[in-house]
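upload-v3.txt follows; it contains compact mmCIF, C-alpha atoms.
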```txt
# COMPACT_ATOMS: atom_id res chain seq x y z
CA ARG K 1 12.29 -6.99 -10.52
CA LEU K 2 11.05 -9.97 -8.51
CA GLY K 3 13.72 -12.21 -10.00
CA MET K 4 16.46 -9.88 -8.80
CA LEU K 5 14.93 -9.66 -5.31
CA LYS K 6 14.59 -13.45 -5.05
CA GLU K 7 18.20 -13.95 -6.12
CA ARG K 8 19.34 -11.54 -3.40
CA PHE K 9 17.08 -13.33 -0.90
CA SER K 10 18.66 -16.70 -1.74
CA LEU K 11 22.14 -15.30 -1.07
CA MET K 12 21.31 -13.96 2.39
CA PRO K 13 22.62 -16.08 5.29
CA GLU K 14 20.04 -18.18 7.12
CA GLY K 15 19.89 -19.14 10.78
CA ASP K 16 20.47 -15.68 12.23
CA PRO K 17 17.31 -14.68 14.16
CA GLU K 18 18.59 -11.13 14.45
CA ASN K 19 18.91 -10.70 10.67
CA PRO K 20 16.70 -13.16 8.78
CA PRO K 21 16.52 -12.97 4.95
CA PHE K 22 14.04 -10.58 3.37
CA LEU K 23 12.86 -9.56 -0.08
CA TYR K 24 11.88 -5.95 0.62
CA GLY K 25 13.93 -3.60 2.77
CA THR K 26 11.24 -0.93 2.89
CA HIS K 27 7.51 -1.31 3.48
CA TYR K 28 4.27 -0.35 1.73
CA SER K 29 2.83 1.05 4.98
CA ASN K 30 5.06 3.96 5.92
CA PRO K 31 4.61 7.73 6.35
CA GLY K 32 6.86 8.62 3.43
CA TYR K 33 4.77 6.70 0.89
CA VAL K 34 1.50 8.09 2.23
CA MET K 35 2.75 11.66 2.12
CA TYR K 36 4.19 11.09 -1.36
CA TRP K 37 0.59 10.82 -2.58
CA LEU K 38 -0.69 13.65 -0.35
CA VAL K 39 1.88 16.37 -0.97
CA ARG K 40 -0.77 18.70 -2.49
CA ALA K 41 -3.40 17.99 0.16
CA ALA K 42 -1.18 18.04 3.25
CA PRO K 43 2.15 19.68 2.40
CA GLY K 44 2.84 20.63 5.99
CA HIS K 45 2.97 17.00 7.06
CA LEU K 46 5.44 16.16 4.30
CA LEU K 47 7.64 19.11 5.24
CA ARG K 48 7.69 17.96 8.84
CA LEU K 49 8.62 14.46 7.72
CA GLN K 50 11.44 15.72 5.48
CA SER K 51 13.03 18.32 7.75
CA GLY K 52 11.23 21.29 6.18
CA LYS K 53 12.14 20.58 2.55
CA PHE K 54 10.32 19.20 -0.49
CA ASP K 55 12.00 16.61 -2.64
CA ALA K 56 13.28 17.44 -6.13
CA PRO K 57 10.32 17.87 -8.55
CA ASP K 58 11.35 14.84 -10.63
CA ARG K 59 11.04 12.63 -7.54
CA MET K 60 7.68 13.97 -6.35
CA PHE K 61 4.24 12.62 -7.26
CA HIS K 62 3.47 14.23 -10.61
CA SER K 63 2.23 11.48 -12.97
CA MET K 64 0.08 8.40 -12.45
CA GLN K 65 1.81 6.66 -15.35
CA GLU K 66 5.29 7.25 -13.96
CA SER K 67 4.28 6.25 -10.43
CA TRP K 68 2.74 3.06 -11.81
CA THR K 69 5.86 2.29 -13.86
CA SER K 70 8.07 2.84 -10.82
CA VAL K 71 6.07 0.40 -8.69
CA LEU K 72 6.44 -2.24 -11.41
CA SER K 73 10.17 -1.77 -11.99
CA ASN K 74 11.92 -0.10 -9.04
CA PRO K 75 13.04 -2.72 -6.47
CA ALA K 76 12.68 -0.19 -3.64
CA ASP K 77 9.19 1.03 -4.61
CA VAL K 78 6.40 -0.96 -2.93
CA LYS K 79 3.72 1.72 -2.65
CA GLU K 80 0.04 0.86 -2.14
CA LEU K 81 -2.90 3.06 -3.10
CA ILE K 82 -4.41 5.07 -0.25
CA PRO K 83 -8.16 5.66 0.43
CA GLU K 84 -8.10 9.02 -1.35
CA PHE K 85 -7.90 7.16 -4.66
CA PHE K 86 -11.44 5.90 -4.07
CA VAL K 87 -13.20 8.88 -2.45
CA LYS K 88 -14.70 11.41 -4.87
CA ASP K 89 -14.77 14.33 -2.43
CA LEU K 90 -11.02 14.05 -1.83
CA ALA K 91 -9.95 13.84 -5.47
CA VAL K 92 -9.43 17.54 -6.08
CA LYS K 93 -7.30 18.07 -2.99
CA PHE K 94 -4.62 15.48 -3.68
CA LEU K 95 -4.56 15.46 -7.49
CA SER K 96 -5.16 19.08 -8.48
CA ALA K 97 -2.87 22.10 -8.34
CA ASN K 98 -2.86 24.09 -5.11
CA GLU K 99 -2.59 27.78 -5.97
CA ALA K 100 -0.88 28.46 -2.67
CA LEU K 101 1.66 25.72 -3.27
CA PRO K 102 3.80 26.05 -6.41
CA LEU K 103 5.81 22.83 -6.60
CA GLY K 104 8.09 23.84 -9.45
CA SER K 105 9.01 22.06 -12.67
CA ARG K 106 10.83 18.94 -13.72
CA GLN K 107 14.11 18.98 -15.61
CA ASN K 108 12.15 18.75 -18.86
CA GLY K 109 10.38 22.01 -17.98
CA LYS K 110 6.96 20.51 -17.22
CA SER K 111 5.17 21.89 -14.17
CA ILE K 112 4.22 19.40 -11.47
CA ASP K 113 1.63 21.60 -9.75
CA ALA K 114 -1.14 19.19 -10.86
CA VAL K 115 -0.87 15.42 -11.30
CA GLU K 116 -0.81 14.13 -14.87
CA LEU K 117 -3.73 11.71 -15.19
CA PRO K 118 -4.12 8.72 -17.52
CA PRO K 119 -5.61 9.55 -20.95
CA TRP K 120 -8.83 7.68 -20.09
CA ALA K 121 -9.65 10.04 -17.20
CA ASP K 122 -11.59 13.21 -18.12
CA SER K 123 -10.90 14.89 -14.76
CA THR K 124 -9.66 14.22 -11.25
CA VAL K 125 -13.20 13.38 -10.14
CA ASP K 126 -13.73 11.05 -13.11
CA PHE K 127 -10.42 9.35 -12.31
CA VAL K 128 -11.44 8.60 -8.72
CA ILE K 129 -15.01 7.60 -9.67
CA ARG K 130 -13.63 4.99 -12.06
CA HIS K 131 -11.34 3.66 -9.34
CA ARG K 132 -14.28 3.34 -6.98
CA GLN K 133 -16.38 1.61 -9.62
CA ALA K 134 -13.59 -0.91 -10.13
CA LEU K 135 -13.43 -1.54 -6.39
CA ASP K 136 -17.20 -1.99 -6.12
CA GLU K 137 -18.16 -3.64 -9.41
CA SER K 138 -15.20 -5.10 -11.28
CA ASP K 139 -15.42 -8.86 -11.79
CA TYR K 140 -11.63 -9.04 -11.59
CA VAL K 141 -11.52 -7.22 -8.24
CA ASN K 142 -14.36 -9.33 -6.87
CA GLY K 143 -12.48 -12.46 -7.89
CA HIS K 144 -9.07 -11.43 -6.54
CA VAL K 145 -9.40 -8.91 -3.70
CA ASN K 146 -9.38 -11.81 -1.22
CA GLU K 147 -5.85 -12.63 -2.42
CA TRP K 148 -4.75 -9.07 -1.58
CA ILE K 149 -6.30 -9.49 1.88
CA ASP K 150 -4.34 -12.72 2.34
CA LEU K 151 -1.11 -10.81 1.68
CA ILE K 152 -1.80 -7.68 3.74
CA PHE K 153 -3.92 -8.95 6.64
CA GLY K 154 -4.05 -12.72 6.27
CA TYR K 155 -2.22 -16.02 6.31
CA LYS K 156 0.33 -14.99 3.68
CA GLN K 157 1.50 -12.04 5.75
CA ARG K 158 3.99 -13.99 7.88
CA GLY K 159 5.74 -17.33 8.14
CA PRO K 160 6.31 -19.97 5.44
CA GLU K 161 3.29 -18.83 3.42
CA SER K 162 4.76 -15.33 3.09
CA VAL K 163 7.92 -16.87 1.61
CA LYS K 164 5.89 -18.89 -0.90
CA ALA K 165 3.98 -15.72 -1.84
CA ASP K 166 7.14 -13.57 -2.20
CA ASN K 167 5.81 -11.35 0.59
CA VAL K 168 8.75 -11.15 3.02
CA PHE K 169 9.76 -7.76 4.42
CA HIS K 170 12.57 -6.69 6.74
CA HIS K 171 12.05 -8.37 10.11
CA MET K 172 11.85 -5.06 11.98
CA THR K 173 8.68 -4.13 10.10
CA TYR K 174 6.88 -6.99 11.89
CA ALA K 175 7.52 -5.61 15.38
CA THR K 176 4.37 -4.90 17.42
CA SER K 177 3.84 -2.75 20.51
CA ARG K 178 3.98 -5.92 22.60
CA ASP K 179 7.35 -6.80 21.11
CA LEU K 180 8.65 -3.35 21.99
CA GLU K 181 7.46 -3.68 25.58
CA LYS K 182 9.66 -6.75 25.99
CA ILE K 183 12.84 -4.87 25.00
CA GLU K 184 14.58 -3.56 28.11
CA ASP K 185 17.40 -1.78 26.27
CA ALA K 186 16.01 1.72 25.62
CA VAL K 187 18.48 2.39 22.79
CA HIS K 188 17.51 -0.80 20.97
CA ARG K 189 13.81 -0.08 21.47
CA ASP K 190 14.17 3.46 20.13
CA ALA K 191 16.07 2.13 17.11
CA ILE K 192 13.21 -0.24 16.23
CA GLU K 193 10.64 2.53 16.65
CA GLN K 194 12.70 4.79 14.39
CA GLN K 195 12.95 1.98 11.84
CA ALA K 196 9.15 1.69 11.79
CA GLN K 197 8.74 5.44 11.33
CA GLU K 198 11.24 5.55 8.49
CA PHE K 199 10.58 2.30 6.62
CA GLY K 200 7.10 1.21 7.69
CA GLN K 201 5.32 -1.39 9.76
CA THR K 202 3.29 -4.49 8.90
CA PRO K 203 -0.38 -4.27 9.97
CA ASN K 204 -1.77 -6.62 12.60
CA GLN K 205 -2.55 -10.05 11.20
CA LEU K 206 -6.34 -10.50 11.20
CA PHE K 207 -6.76 -13.88 9.52
CA GLU K 208 -4.86 -17.18 9.75
CA LYS K 209 -6.76 -18.97 6.98
CA LYS K 210 -7.42 -18.22 3.34
CA HIS K 211 -9.93 -15.40 3.01
CA PRO K 212 -13.16 -16.27 1.15
CA LEU K 213 -14.25 -14.60 -2.05
CA ARG K 214 -16.29 -11.44 -1.71
CA MET K 215 -19.85 -12.40 -0.84
CA ARG K 216 -22.39 -11.71 -3.60
CA LYS K 217 -26.10 -11.29 -3.07
CA LYS K 218 -28.31 -13.68 -5.01
CA GLY K 219 -30.01 -11.84 -7.85
CA GLY K 220 -27.65 -8.88 -7.55
CA LYS K 221 -25.40 -7.49 -10.23
CA GLY K 222 -23.03 -10.18 -11.45
CA ALA K 223 -24.74 -12.86 -9.38
CA GLY K 224 -23.69 -16.32 -10.45
CA GLU K 225 -20.33 -15.19 -11.85
CA LEU K 226 -18.71 -15.84 -8.47
CA PRO K 227 -19.79 -18.35 -5.83
CA LEU K 228 -21.24 -17.16 -2.58
CA ALA K 229 -18.98 -17.61 0.41
CA PRO K 230 -19.70 -20.77 2.42
CA GLU K 231 -22.15 -20.34 5.28
CA GLU K 232 -19.45 -20.88 7.88
CA ASN K 233 -17.59 -17.88 6.44
CA GLU K 234 -20.54 -15.51 6.38
CA ALA K 235 -19.15 -13.46 9.23
CA THR K 236 -18.37 -9.82 8.60
CA CYS K 237 -16.08 -9.69 5.58
CA ILE K 238 -13.13 -7.28 5.66
CA VAL K 239 -14.01 -6.18 2.13
CA THR K 240 -17.29 -4.80 3.47
CA VAL K 241 -15.48 -3.13 6.37
CA VAL K 242 -13.02 -1.41 4.01
CA LYS K 243 -15.83 -0.19 1.75
CA GLU K 244 -17.74 1.24 4.69
CA CYS K 245 -14.64 3.13 5.81
CA LEU K 246 -14.45 4.74 2.37
CA LEU K 247 -18.04 6.00 2.39
```
Here is a file; write its structure as structure tokens.
Amino acid sequence: RLGMLKERFSLMPEGDPENPPFLYGTHYSNPGYVMYWLVRAAPGHLLRLQSGKFDAPDRMFHSMQESWTSVLSNPADVKELIPEFFVKDLAVKFLSANEALPLGSRQNGKSIDAVELPPWADSTVDFVIRHRQALDESDYVNGHVNEWIDLIFGYKQRGPESVKADNVFHHMTYATSRDLEKIEDAVHRDAIEQQAQEFGQTPNQLFEKKHPLRMRKKGGKGAGELPLAPEENEATCIVTVVKECLL
């Protein structure tokens, strides 16, 4: 998938500030992707977003395996997981069947009322608990979550570093409220706002330097497997902020 996107990127004309090259035409942070996950928990919001209609059952969120496969293979699918995947008390609402909301069946006859979980998950709650454990305790996550932060909130979000990291989205997704205030043409401004609502918007950039590894307490679980962050970086870490928001 990435090879195809990079080939298309290389063929796009350069030097036009109004239409610079991009890898991804849609964005991971947009209402449609969020409501894709939350159709069972907040169907009214999805209906409002889609003019009062649900999508065809085969295109709705019905299987973790198929959603995962789509993200890995579909050039237009750049979904990110949402907080509900890590909060036990919310698991039932967005993964289980809603008796008041029959969602129909796929073309193969299988009902999509409840989400099909991976074989290693005993229940919706077990599925989310394991996700949270991976976020909190996994050596792999501890060793790489800073790289995700660099892409989403950090120095690889924009500019030359985003190109090196294959992290370039359509230029309109980078527009901020300050950028919109500078646009005098109301039609043009409305078009950019509509673009953000439909295809997503890049978060504010919080860091301009490489984010440190997650800080580990001496003597704590896994201590010594990863280095502590340097003293000059021992300010509040965004990893801690994200975890506190999930509590």
Padding 3 Å on every side, please: axis-aligned box over the listed atoms of range 47-53 of chain K, centre and edge lengths to one decimal in Å, as lines of an AutoDock Vina configuration file.
```
center_x = 10.3
center_y = 17.9
center_z = 5.7
size_x = 11.4
size_y = 12.8
size_z = 12.3
```
Considering only C-alpha atoms, return as a VMD selection string whatever protein or nucleic-acid residues lie within 12 Å of Val141 in chain K, sequence-local ones (same chain, fewer than 3 positions apart) excluded. chain K and resid 131 to 138 144 to 149 213 to 214 226 239
Return the single residue from K:Asp113, K:Glu181, K:Asp190, K:Asp139 that is closest to Arg40 in chain K, with distances computed using all atoms listed in the file. K:Asp113
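Counting from CA of His27 in chain K, the distance to CA of Glu184 in chain K is 25.7 Å.
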Using Å and a single decimal, report how far CA of Leu23 in chain K sits from CA of Val168 in chain K.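 These atoms are spaced 5.4 Å apart.
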Hey, which of K:Leu95, K:Leu90, K:Leu103, K:Ala76 ends up closest to Phe169 in chain K? Count all atoms listed in the file.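 Ranking K:Leu95, K:Leu90, K:Leu103, K:Ala76 by distance to Phe169 in chain K, first place goes to K:Ala76.
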At a cut-off of 8 Å, using all atoms listed in the file, what residues contact Gln65 in chain K? Leave out same-chain residues fewer than 5 positions from it and give the result as a PDB file with C-alpha atoms, in the frame of the given file.
```
ATOM      1  CA  GLU K 116      -0.810  14.130 -14.870  1.00  0.00           C
ATOM      2  CA  LEU K 117      -3.730  11.710 -15.190  1.00  0.00           C
ATOM      3  CA  PRO K 118      -4.120   8.720 -17.520  1.00  0.00           C
TER       4      PRO K 118
END
```
Counting only C-alpha atoms, which residue out of K:Arg130, K:His62, K:Gly52, K:Gly109 sits closest to Phe86 in chain K?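 Ranked by minimum distance to Phe86 in chain K, first place goes to K:Arg130.
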10 Å contact set for Gln107 in chain K, only C-alpha atoms, chain neighbours under 3 positions out, as a VMD selection string: chain K and resid 56 to 58 104 110 to 111
I need the chosen residues saved as a PDB file, in the frame of the given file, with C-alpha atoms.
```pdb
ATOM      1  CA  ALA K  56      13.280  17.440  -6.130  1.00  0.00           C
ATOM      2  CA  PRO K  57      10.320  17.870  -8.550  1.00  0.00           C
ATOM      3  CA  ASP K  58      11.350  14.840 -10.630  1.00  0.00           C
ATOM      4  CA  GLY K 104       8.090  23.840  -9.450  1.00  0.00           C
ATOM      5  CA  LYS K 110       6.960  20.510 -17.220  1.00  0.00           C
ATOM      6  CA  SER K 111       5.170  21.890 -14.170  1.00  0.00           C
TER       7      SER K 111
END
```
Go through K:Val87, K:Ala175, K:Met64, K:Val71 and flag the residue nearest Val115 in chain K, using all atoms listed in the file for the distances.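 Using all atoms listed in the file, Val115 in chain K sits closest to K:Met64.
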Kindly provide, as a ChimeraX atom specification, the polymer residues lying within 12 Å of (9.9, -11.2, -8.7), counting all atoms listed in the file and using the coordinates exactly as they appear in the file. /K:1-9,23-24,72-75,163-168
What separates CA of Gln197 in chain K and CA of Lys79 in chain K is a distance of 15.3 Å
Looking at K:Gln157, K:Pro83, K:Ile112, K:Gln201, which one is nearest to Asn98 in chain K, with distances taken over only C-alpha atoms?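 Among the listed residues, the smallest separation from Asn98 in chain K belongs to K:Ile112.
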Scan for residues within 9 Å of the point (11.8, -3.8, 9.2) in the coordinates of the file, using only C-alpha atoms, and reply as a ChimeraX atom specification. /K:24-27,169-175,192,195-196,199-202
So that I can check the surroundings of Gly154 in chain K, please list as a list in words every protein, DNA and RNA residue that reaches within 6 Å of it, counting all atoms listed in the file and ignoring chain neighbours fewer than 4 positions away. Ile149, Asp150, Gln205, Leu206, Phe207 and Glu208 of chain K
Would you please take range 84-166 of chain K of the structure in the block above and write C-alpha atoms to a file as a PDB file, in the first residue's frame?
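Contents of selection_35.pdb, as written:
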```pdb
ATOM      1  CA  GLU K  84     -13.085   3.339  23.948  1.00  0.00           C
ATOM      2  CA  PHE K  85     -10.692   0.556  22.971  1.00  0.00           C
ATOM      3  CA  PHE K  86      -8.883   1.053  26.275  1.00  0.00           C
ATOM      4  CA  VAL K  87     -11.716   1.794  28.743  1.00  0.00           C
ATOM      5  CA  LYS K  88     -13.369  -1.259  30.308  1.00  0.00           C
ATOM      6  CA  ASP K  89     -16.635   0.455  31.228  1.00  0.00           C
ATOM      7  CA  LEU K  90     -17.237   1.480  27.604  1.00  0.00           C
ATOM      8  CA  ALA K  91     -16.528  -1.903  26.016  1.00  0.00           C
ATOM      9  CA  VAL K  92     -20.068  -3.249  26.075  1.00  0.00           C
ATOM     10  CA  LYS K  93     -21.608  -0.151  24.527  1.00  0.00           C
ATOM     11  CA  PHE K  94     -19.526   0.012  21.365  1.00  0.00           C
ATOM     12  CA  LEU K  95     -18.769  -3.676  20.767  1.00  0.00           C
ATOM     13  CA  SER K  96     -21.931  -5.491  21.849  1.00  0.00           C
ATOM     14  CA  ALA K  97     -25.317  -5.787  20.164  1.00  0.00           C
ATOM     15  CA  ASN K  98     -27.861  -3.091  20.950  1.00  0.00           C
ATOM     16  CA  GLU K  99     -31.287  -4.711  21.211  1.00  0.00           C
ATOM     17  CA  ALA K 100     -32.933  -1.478  20.132  1.00  0.00           C
ATOM     18  CA  LEU K 101     -30.692  -1.210  17.086  1.00  0.00           C
ATOM     19  CA  PRO K 102     -30.818  -4.117  14.625  1.00  0.00           C
ATOM     20  CA  LEU K 103     -28.095  -3.394  12.070  1.00  0.00           C
ATOM     21  CA  GLY K 104     -28.958  -6.151   9.625  1.00  0.00           C
ATOM     22  CA  SER K 105     -26.810  -8.793   7.972  1.00  0.00           C
ATOM     23  CA  ARG K 106     -23.970  -8.943   5.499  1.00  0.00           C
ATOM     24  CA  GLN K 107     -24.297 -10.455   2.051  1.00  0.00           C
ATOM     25  CA  ASN K 108     -23.045 -13.758   3.463  1.00  0.00           C
ATOM     26  CA  GLY K 109     -25.993 -13.799   5.876  1.00  0.00           C
ATOM     27  CA  LYS K 110     -24.014 -13.072   9.057  1.00  0.00           C
ATOM     28  CA  SER K 111     -25.576 -10.597  11.473  1.00  0.00           C
ATOM     29  CA  ILE K 112     -23.531  -7.521  12.345  1.00  0.00           C
ATOM     30  CA  ASP K 113     -25.456  -6.596  15.493  1.00  0.00           C
ATOM     31  CA  ALA K 114     -22.370  -7.419  17.615  1.00  0.00           C
ATOM     32  CA  VAL K 115     -18.722  -6.997  16.627  1.00  0.00           C
ATOM     33  CA  GLU K 116     -16.798 -10.173  15.843  1.00  0.00           C
ATOM     34  CA  LEU K 117     -13.829 -10.244  18.222  1.00  0.00           C
ATOM     35  CA  PRO K 118     -10.415 -11.887  17.751  1.00  0.00           C
ATOM     36  CA  PRO K 119     -10.241 -15.546  18.867  1.00  0.00           C
ATOM     37  CA  TRP K 120      -7.976 -14.628  21.801  1.00  0.00           C
ATOM     38  CA  ALA K 121     -10.641 -12.425  23.414  1.00  0.00           C
ATOM     39  CA  ASP K 122     -13.119 -14.203  25.733  1.00  0.00           C
ATOM     40  CA  SER K 123     -15.529 -11.242  25.828  1.00  0.00           C
ATOM     41  CA  THR K 124     -15.824  -7.565  24.992  1.00  0.00           C
ATOM     42  CA  VAL K 125     -14.519  -6.657  28.451  1.00  0.00           C
ATOM     43  CA  ASP K 126     -11.597  -9.082  28.148  1.00  0.00           C
ATOM     44  CA  PHE K 127     -10.779  -7.604  24.729  1.00  0.00           C
ATOM     45  CA  VAL K 128     -10.559  -4.056  26.099  1.00  0.00           C
ATOM     46  CA  ILE K 129      -8.701  -5.112  29.266  1.00  0.00           C
ATOM     47  CA  ARG K 130      -6.001  -6.724  27.137  1.00  0.00           C
ATOM     48  CA  HIS K 131      -5.725  -3.565  25.049  1.00  0.00           C
ATOM     49  CA  ARG K 132      -5.287  -1.496  28.187  1.00  0.00           C
ATOM     50  CA  GLN K 133      -2.690  -3.891  29.567  1.00  0.00           C
ATOM     51  CA  ALA K 134      -0.726  -3.555  26.334  1.00  0.00           C
ATOM     52  CA  LEU K 135      -0.888   0.232  26.596  1.00  0.00           C
ATOM     53  CA  ASP K 136       0.245   0.221  30.223  1.00  0.00           C
ATOM     54  CA  GLU K 137       2.663  -2.707  30.415  1.00  0.00           C
ATOM     55  CA  SER K 138       3.845  -3.908  27.010  1.00  0.00           C
ATOM     56  CA  ASP K 139       7.596  -3.602  26.498  1.00  0.00           C
ATOM     57  CA  TYR K 140       6.966  -2.991  22.800  1.00  0.00           C
ATOM     58  CA  VAL K 141       4.545  -0.123  23.479  1.00  0.00           C
ATOM     59  CA  ASN K 142       6.871   1.380  26.069  1.00  0.00           C
ATOM     60  CA  GLY K 143       9.691   1.267  23.546  1.00  0.00           C
ATOM     61  CA  HIS K 144       7.757   2.696  20.595  1.00  0.00           C
ATOM     62  CA  VAL K 145       4.847   4.862  21.755  1.00  0.00           C
ATOM     63  CA  ASN K 146       7.138   7.906  21.576  1.00  0.00           C
ATOM     64  CA  GLU K 147       7.454   7.275  17.824  1.00  0.00           C
ATOM     65  CA  TRP K 148       3.657   7.425  17.492  1.00  0.00           C
ATOM     66  CA  ILE K 149       3.684  10.715  19.409  1.00  0.00           C
ATOM     67  CA  ASP K 150       6.307  12.069  17.005  1.00  0.00           C
ATOM     68  CA  LEU K 151       3.957  11.338  14.096  1.00  0.00           C
ATOM     69  CA  ILE K 152       0.688  12.578  15.606  1.00  0.00           C
ATOM     70  CA  PHE K 153       1.756  15.460  17.852  1.00  0.00           C
ATOM     71  CA  GLY K 154       5.480  15.915  17.270  1.00  0.00           C
ATOM     72  CA  TYR K 155       8.270  16.854  14.916  1.00  0.00           C
ATOM     73  CA  LYS K 156       7.286  14.331  12.241  1.00  0.00           C
ATOM     74  CA  GLN K 157       3.812  15.811  11.908  1.00  0.00           C
ATOM     75  CA  ARG K 158       4.774  18.554   9.442  1.00  0.00           C
ATOM     76  CA  GLY K 159       7.569  19.716   7.182  1.00  0.00           C
ATOM     77  CA  PRO K 160      10.517  17.735   5.788  1.00  0.00           C
ATOM     78  CA  GLU K 161      10.433  15.218   8.644  1.00  0.00           C
ATOM     79  CA  SER K 162       6.845  14.282   7.787  1.00  0.00           C
ATOM     80  CA  VAL K 163       7.980  13.501   4.226  1.00  0.00           C
ATOM     81  CA  LYS K 164      10.814  11.302   5.499  1.00  0.00           C
ATOM     82  CA  ALA K 165       8.341   9.501   7.780  1.00  0.00           C
ATOM     83  CA  ASP K 166       5.710   9.001   5.032  1.00  0.00           C
TER      84      ASP K 166
END
```
